[in-house]
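Below is one structure, written out as structure tokens, with a few remarks after it.
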Amino acid sequence: MTDIRHFLDLDVLDAATLRRILDTALALKSAAPTPARLPGCTLAMVFEKPSTRTRVSFEVAIQQLGGSAIVLDQGGTQLGRGETVADTARVLSQYVDAIMLRTSAPENLHEMAAAASVPVINGLTNDSHPCQIMADVMTFEEVKGPIAGKVVAWSGDGNNVAASWIHAAVKFQFELRLATPSSLQPAAGLLEWASANGGQVSLSDDPQAAVDGADCVVTDTWVSMGDKDAEARCATLVPYRIDTALMARAKDDAIFMHCLPAHRGDEVDAAVIDGPQSVVWVEAGNRLPAQKSILLWCLGQDGDDA
Ligand code: CP
Ligand code: NVA
């Protein structure tokens with residue numbers, strides 16, 4: 001057992017901790033200037049895959065908290081020449097106060113966390129994207145109030161972002177209705193975990209039924225970083241596109257979310273993502289206070305006055 005505060009996935013963090021991180025993020029958004037609670041702290045960010053939002057929001061977050069960031073692209077480090085993740089973790093732990101990793105294989109994240117003596121943050125793997133979904137739940141609550149008991153509908157690929165929405169549905173107690181093609185469903189174990197933990201998470205191949213009366217409609221790219229079968233995926237996913245007709249089945253005041261980057265005309269029509277129900281820019285902006293709050297929690301500086 002370790003008492004290092006890793007932020008690896010929403011399913012392994014307790015609901016009270018996640019609620020506290022979320023509430024701190026909301027408070028930080030309205031706190032100006034950001035209290036410099038991490039003076040002299042350094043965050044290393046290791047990217048095996050591209051990033052705009054995660055990279056910039058973490059870098060600005062640590063700067064505004066009084067610290068600094070170092071960005072390491074895989075190709076520019078010895079990781080790219082075969083140095084192990086564990087050895088990299090042991091070394092980086094002696095220079096920096098926290099490590100954020102974006103990687104394909106979740107095993108790399110767990111290897112990093114097992115070997116590091118500082119907190120490790122999941123900046124996206126092929127299996128999950130927990131930092132994103134903290135900003136998403138924050139966005140829902142900022143715009144519409146408490147998420148508990150509300151209905152969120154996912155239409156599209158049952159991918160890493162969908163997985164973290166499943167975790168969030170259990171931890172924040174909202175209903176999640178997923179509609180995915182049978183070939184692109186989330187891992188069965190995720191649904192079993194949700195059910196075993198009292199979650200209201202359902203899965204079908206019917207986007208209309210999923211979206212009917214929902215408070216929030218969410219989707220993501222049809223082709224995630226590293227996916228090889230782009231053409232087949234896009235063909236399979238056409239019925240799951242969020243267009244104005246599908247969006248109209250949700251509540252009149254429903255919101256539309258997308259973690260970005262978006263592909264207009266594929267997973268969402270421009271009329272929806274650029275329309276009045278879309279909150280995607282608030283959502284992207286909320287990555288910043290959400291990352292600040294995650295950093296404060298990881299580094300034990302998440303006091304009530306944060
Ligand atoms: N949503 C998200 O994580 O975006 P980036 O890939 O740009 O970080
Ligand atoms: N599902 C997408 C999310 C990008 C932020 C991907 O993994 O590429």
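Identifiers in the structure tokens: chain A, B, ... in order shown; residue index from 1 per chain; ligand index from 1 in order shown.
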
Need the shell around Val120 (chain A): protein/DNA/RNA residues with any atom at most 9 Å away, counting only C-alpha atoms. Skip same-chain ones fewer than 2 positions apart. Format as a ChimeraX atom specification?
/A:4-8,98-101,109,112-113,116-118,122,298

Got time to write the residues from that selection, N, CA, C and O atoms, as a PDB file, in the first residue's frame?
ATOM      1  N   ILE A   4       0.765   7.639  -1.571  1.00  0.00           N
ATOM      2  CA  ILE A   4       0.945   8.640  -2.633  1.00  0.00           C
ATOM      3  C   ILE A   4      -0.397   8.834  -3.320  1.00  0.00           C
ATOM      4  O   ILE A   4      -1.091   7.873  -3.635  1.00  0.00           O
ATOM      5  N   ARG A   5      -0.741  10.096  -3.557  1.00  0.00           N
ATOM      6  CA  ARG A   5      -2.034  10.391  -4.165  1.00  0.00           C
ATOM      7  C   ARG A   5      -1.945  10.372  -5.693  1.00  0.00           C
ATOM      8  O   ARG A   5      -1.868  11.418  -6.333  1.00  0.00           O
ATOM      9  N   HIS A   6      -1.967   9.151  -6.257  1.00  0.00           N
ATOM     10  CA  HIS A   6      -2.025   9.050  -7.721  1.00  0.00           C
ATOM     11  C   HIS A   6      -3.435   9.366  -8.200  1.00  0.00           C
ATOM     12  O   HIS A   6      -4.414   9.021  -7.533  1.00  0.00           O
ATOM     13  N   PHE A   7      -3.549   9.992  -9.370  1.00  0.00           N
ATOM     14  CA  PHE A   7      -4.861  10.215 -10.000  1.00  0.00           C
ATOM     15  C   PHE A   7      -4.892   9.362 -11.260  1.00  0.00           C
ATOM     16  O   PHE A   7      -4.562   9.810 -12.350  1.00  0.00           O
ATOM     17  N   LEU A   8      -5.254   8.087 -11.080  1.00  0.00           N
ATOM     18  CA  LEU A   8      -5.132   7.124 -12.175  1.00  0.00           C
ATOM     19  C   LEU A   8      -6.454   6.872 -12.889  1.00  0.00           C
ATOM     20  O   LEU A   8      -6.495   6.791 -14.102  1.00  0.00           O
ATOM     21  N   ALA A  98       5.480  15.768  -9.379  1.00  0.00           N
ATOM     22  CA  ALA A  98       4.362  14.961  -9.905  1.00  0.00           C
ATOM     23  C   ALA A  98       4.649  14.674 -11.376  1.00  0.00           C
ATOM     24  O   ALA A  98       5.386  15.419 -12.030  1.00  0.00           O
ATOM     25  N   ILE A  99       4.055  13.581 -11.843  1.00  0.00           N
ATOM     26  CA  ILE A  99       4.244  13.178 -13.247  1.00  0.00           C
ATOM     27  C   ILE A  99       2.876  12.960 -13.875  1.00  0.00           C
ATOM     28  O   ILE A  99       2.029  12.267 -13.302  1.00  0.00           O
ATOM     29  N   MET A 100       2.649  13.570 -15.028  1.00  0.00           N
ATOM     30  CA  MET A 100       1.450  13.281 -15.817  1.00  0.00           C
ATOM     31  C   MET A 100       1.878  12.477 -17.026  1.00  0.00           C
ATOM     32  O   MET A 100       2.876  12.818 -17.671  1.00  0.00           O
ATOM     33  N   LEU A 101       1.136  11.412 -17.314  1.00  0.00           N
ATOM     34  CA  LEU A 101       1.496  10.536 -18.439  1.00  0.00           C
ATOM     35  C   LEU A 101       0.318  10.359 -19.377  1.00  0.00           C
ATOM     36  O   LEU A 101      -0.787  10.020 -18.937  1.00  0.00           O
ATOM     37  N   LEU A 109       0.918   3.190 -17.524  1.00  0.00           N
ATOM     38  CA  LEU A 109       0.499   4.092 -16.445  1.00  0.00           C
ATOM     39  C   LEU A 109       0.696   3.403 -15.095  1.00  0.00           C
ATOM     40  O   LEU A 109       1.218   4.003 -14.140  1.00  0.00           O
ATOM     41  N   MET A 112       4.309   3.086 -14.245  1.00  0.00           N
ATOM     42  CA  MET A 112       4.811   4.399 -13.800  1.00  0.00           C
ATOM     43  C   MET A 112       4.421   4.644 -12.344  1.00  0.00           C
ATOM     44  O   MET A 112       5.256   5.042 -11.513  1.00  0.00           O
ATOM     45  N   ALA A 113       3.167   4.385 -12.019  1.00  0.00           N
ATOM     46  CA  ALA A 113       2.693   4.659 -10.658  1.00  0.00           C
ATOM     47  C   ALA A 113       3.362   3.730  -9.642  1.00  0.00           C
ATOM     48  O   ALA A 113       3.689   4.153  -8.518  1.00  0.00           O
ATOM     49  N   ALA A 116       7.048   5.082  -9.256  1.00  0.00           N
ATOM     50  CA  ALA A 116       7.267   6.492  -8.903  1.00  0.00           C
ATOM     51  C   ALA A 116       7.135   6.682  -7.401  1.00  0.00           C
ATOM     52  O   ALA A 116       6.357   6.000  -6.734  1.00  0.00           O
ATOM     53  N   SER A 117       7.867   7.640  -6.886  1.00  0.00           N
ATOM     54  CA  SER A 117       7.673   8.013  -5.482  1.00  0.00           C
ATOM     55  C   SER A 117       7.004   9.382  -5.375  1.00  0.00           C
ATOM     56  O   SER A 117       7.000  10.005  -4.323  1.00  0.00           O
ATOM     57  N   VAL A 118       6.435   9.852  -6.502  1.00  0.00           N
ATOM     58  CA  VAL A 118       5.615  11.072  -6.523  1.00  0.00           C
ATOM     59  C   VAL A 118       4.295  10.712  -7.203  1.00  0.00           C
ATOM     60  O   VAL A 118       4.196   9.682  -7.876  1.00  0.00           O
ATOM     61  N   ASN A 122      -3.100  10.323 -14.744  1.00  0.00           N
ATOM     62  CA  ASN A 122      -3.478   9.752 -16.035  1.00  0.00           C
ATOM     63  C   ASN A 122      -3.942  10.873 -16.974  1.00  0.00           C
ATOM     64  O   ASN A 122      -5.021  11.434 -16.790  1.00  0.00           O
ATOM     65  N   CYS A 298      -3.411  15.917  -5.546  1.00  0.00           N
ATOM     66  CA  CYS A 298      -2.269  14.991  -5.641  1.00  0.00           C
ATOM     67  C   CYS A 298      -1.146  15.419  -4.712  1.00  0.00           C
ATOM     68  O   CYS A 298      -0.465  14.581  -4.129  1.00  0.00           O
TER      69      CYS A 298
END

I'd like to know which residues of region 85-294 of chain A are strand (DSSP E or B) (by DSSP, run on the backbone); could you write them as a ChimeraX atom specification?
/A:98-102,120-122,151-155,175-179,200-204,216-219,242,255-258,264,268,278

Grab me every residue within 12 Å of ligand 1, counting only C-alpha atoms and all ligand atoms, and send it over as an MDAnalysis selection string.
chainID A and resid 45 47:59 100:103 122:126 128:136 160:161 219:221 224:225 257:262 280:281 283:288 291

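The spacing separating CA of Ala290 (chain A) from CA of Ala270 (chain A) amounts to 26.8 Å.
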
If we count only C-alpha atoms and set the cut-off at 12 Å, which residues sit around Ala188 (chain A), ignoring sequence neighbours fewer than 4 positions away in its own chain? Please answer as a PyMOL selection string.
chain A and resi 158+163+166+182+184+192-195+201-203

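Taking atom 6 (C, counted along the ligand's line) of ligand 2 and CA of Glu111 (chain A) as the two end points, the separation is 21.0 Å.
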
Skipping near chain neighbours, those fewer than 4 positions away, what residues fall within 10 Å of Val91 (chain A) using only C-alpha atoms, listed as a ChimeraX atom specification?
/A:85-87,95-96,115-117

As a list in words, please: every residue in region 91-152 of chain A that DSSP puts in helix (DSSP H, G or I).
Val91, Leu92, Pro106, Glu107, Asn108, Leu109, His110, Glu111, Met112, Ala113, Ala114, Ala115, Pro130, Cys131, Gln132, Ile133, Met134, Ala135, Asp136, Val137, Met138, Thr139, Phe140, Glu141, Glu142, Val143 and Lys144 of chain A

Interatomic distance (Å, one decimal) between CA of Ile242 (chain A) and CA of Lys171 (chain A):
26.1 Å

For ligand 2, which of A:Pro207, A:Gly226, A:Gly67, A:Pro119 is the closest residue, counting only C-alpha atoms and all ligand atoms?
A:Gly226

Could you list, as a PDB file with N, CA, C and O atoms, in the first residue's frame, every residue within 7 Å of region 144-152 of chain A, counting only C-alpha atoms and ignoring same-chain residues fewer than 3 positions away?
ATOM      1  N   PHE A 140     -21.124  20.250 -16.400  1.00  0.00           N
ATOM      2  CA  PHE A 140     -22.549  19.970 -16.223  1.00  0.00           C
ATOM      3  C   PHE A 140     -23.053  20.734 -15.000  1.00  0.00           C
ATOM      4  O   PHE A 140     -24.083  21.417 -15.053  1.00  0.00           O
ATOM      5  N   GLU A 141     -22.339  20.627 -13.886  1.00  0.00           N
ATOM      6  CA  GLU A 141     -22.831  21.227 -12.632  1.00  0.00           C
ATOM      7  C   GLU A 141     -22.804  22.754 -12.705  1.00  0.00           C
ATOM      8  O   GLU A 141     -23.683  23.413 -12.151  1.00  0.00           O
ATOM      9  N   PHE A 172     -20.633   9.793  -9.194  1.00  0.00           N
ATOM     10  CA  PHE A 172     -21.424  11.026  -9.012  1.00  0.00           C
ATOM     11  C   PHE A 172     -22.931  10.759  -9.094  1.00  0.00           C
ATOM     12  O   PHE A 172     -23.728  11.698  -9.078  1.00  0.00           O
ATOM     13  N   GLN A 173     -23.299   9.479  -9.217  1.00  0.00           N
ATOM     14  CA  GLN A 173     -24.690   9.038  -9.097  1.00  0.00           C
ATOM     15  C   GLN A 173     -25.658   9.686 -10.078  1.00  0.00           C
ATOM     16  O   GLN A 173     -26.690  10.234  -9.683  1.00  0.00           O
ATOM     17  N   PHE A 174     -25.298   9.633 -11.359  1.00  0.00           N
ATOM     18  CA  PHE A 174     -26.259  10.024 -12.395  1.00  0.00           C
ATOM     19  C   PHE A 174     -26.515   8.826 -13.297  1.00  0.00           C
ATOM     20  O   PHE A 174     -25.773   7.842 -13.261  1.00  0.00           O
ATOM     21  N   GLU A 175     -27.607   8.922 -14.082  1.00  0.00           N
ATOM     22  CA  GLU A 175     -27.919   7.838 -15.014  1.00  0.00           C
ATOM     23  C   GLU A 175     -27.148   8.062 -16.308  1.00  0.00           C
ATOM     24  O   GLU A 175     -27.134   9.169 -16.839  1.00  0.00           O
ATOM     25  N   LEU A 176     -26.510   7.019 -16.791  1.00  0.00           N
ATOM     26  CA  LEU A 176     -25.773   7.098 -18.056  1.00  0.00           C
ATOM     27  C   LEU A 176     -26.353   6.073 -19.010  1.00  0.00           C
ATOM     28  O   LEU A 176     -26.402   4.883 -18.710  1.00  0.00           O
ATOM     29  N   ARG A 177     -26.815   6.561 -20.174  1.00  0.00           N
ATOM     30  CA  ARG A 177     -27.325   5.658 -21.213  1.00  0.00           C
ATOM     31  C   ARG A 177     -26.375   5.713 -22.392  1.00  0.00           C
ATOM     32  O   ARG A 177     -26.225   6.756 -23.024  1.00  0.00           O
ATOM     33  N   ALA A 214     -33.002  13.107 -22.284  1.00  0.00           N
ATOM     34  CA  ALA A 214     -31.736  13.264 -21.545  1.00  0.00           C
ATOM     35  C   ALA A 214     -31.478  14.734 -21.197  1.00  0.00           C
ATOM     36  O   ALA A 214     -31.958  15.654 -21.863  1.00  0.00           O
ATOM     37  N   ASP A 215     -30.707  14.930 -20.131  1.00  0.00           N
ATOM     38  CA  ASP A 215     -30.295  16.276 -19.720  1.00  0.00           C
ATOM     39  C   ASP A 215     -29.023  16.716 -20.434  1.00  0.00           C
ATOM     40  O   ASP A 215     -28.697  17.906 -20.461  1.00  0.00           O
ATOM     41  N   CYS A 216     -28.292  15.732 -20.929  1.00  0.00           N
ATOM     42  CA  CYS A 216     -26.987  16.028 -21.540  1.00  0.00           C
ATOM     43  C   CYS A 216     -26.703  14.960 -22.587  1.00  0.00           C
ATOM     44  O   CYS A 216     -26.939  13.775 -22.342  1.00  0.00           O
ATOM     45  N   VAL A 217     -26.231  15.378 -23.737  1.00  0.00           N
ATOM     46  CA  VAL A 217     -25.868  14.446 -24.807  1.00  0.00           C
ATOM     47  C   VAL A 217     -24.369  14.618 -25.058  1.00  0.00           C
ATOM     48  O   VAL A 217     -23.874  15.741 -25.183  1.00  0.00           O
TER      49      VAL A 217
END

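Of the listed residues (A:Ala105, A:Leu299, A:Val282, A:Val272), A:Ala105 comes nearest to ligand 2; the distances count only C-alpha atoms and all ligand atoms.
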
Can you tell me, as a PDB file with N, CA and C atoms, in the first residue's frame, what residues are no more than 8 Å from Asp266 (chain A) when counting only C-alpha atoms, ignoring any on the same chain fewer than 4 positions away?
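The result, written out as part_37.pdb:
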ATOM      1  N   THR A 221     -14.859  11.611 -30.806  1.00  0.00           N
ATOM      2  CA  THR A 221     -14.403  11.232 -32.142  1.00  0.00           C
ATOM      3  C   THR A 221     -14.695   9.763 -32.448  1.00  0.00           C
ATOM      4  N   TRP A 222     -14.910   9.483 -33.718  1.00  0.00           N
ATOM      5  CA  TRP A 222     -15.116   8.088 -34.126  1.00  0.00           C
ATOM      6  C   TRP A 222     -13.776   7.361 -34.288  1.00  0.00           C
ATOM      7  N   CYS A 234     -15.993   4.625 -39.162  1.00  0.00           N
ATOM      8  CA  CYS A 234     -16.857   5.745 -39.566  1.00  0.00           C
ATOM      9  C   CYS A 234     -18.131   5.220 -40.223  1.00  0.00           C
ATOM     10  N   VAL A 238     -22.150   5.904 -38.436  1.00  0.00           N
ATOM     11  CA  VAL A 238     -23.023   6.944 -39.017  1.00  0.00           C
ATOM     12  C   VAL A 238     -24.360   7.092 -38.269  1.00  0.00           C
ATOM     13  N   ARG A 241     -24.346   9.546 -35.180  1.00  0.00           N
ATOM     14  CA  ARG A 241     -24.003  10.978 -35.282  1.00  0.00           C
ATOM     15  C   ARG A 241     -25.025  11.816 -34.506  1.00  0.00           C
TER      16      ARG A 241
END
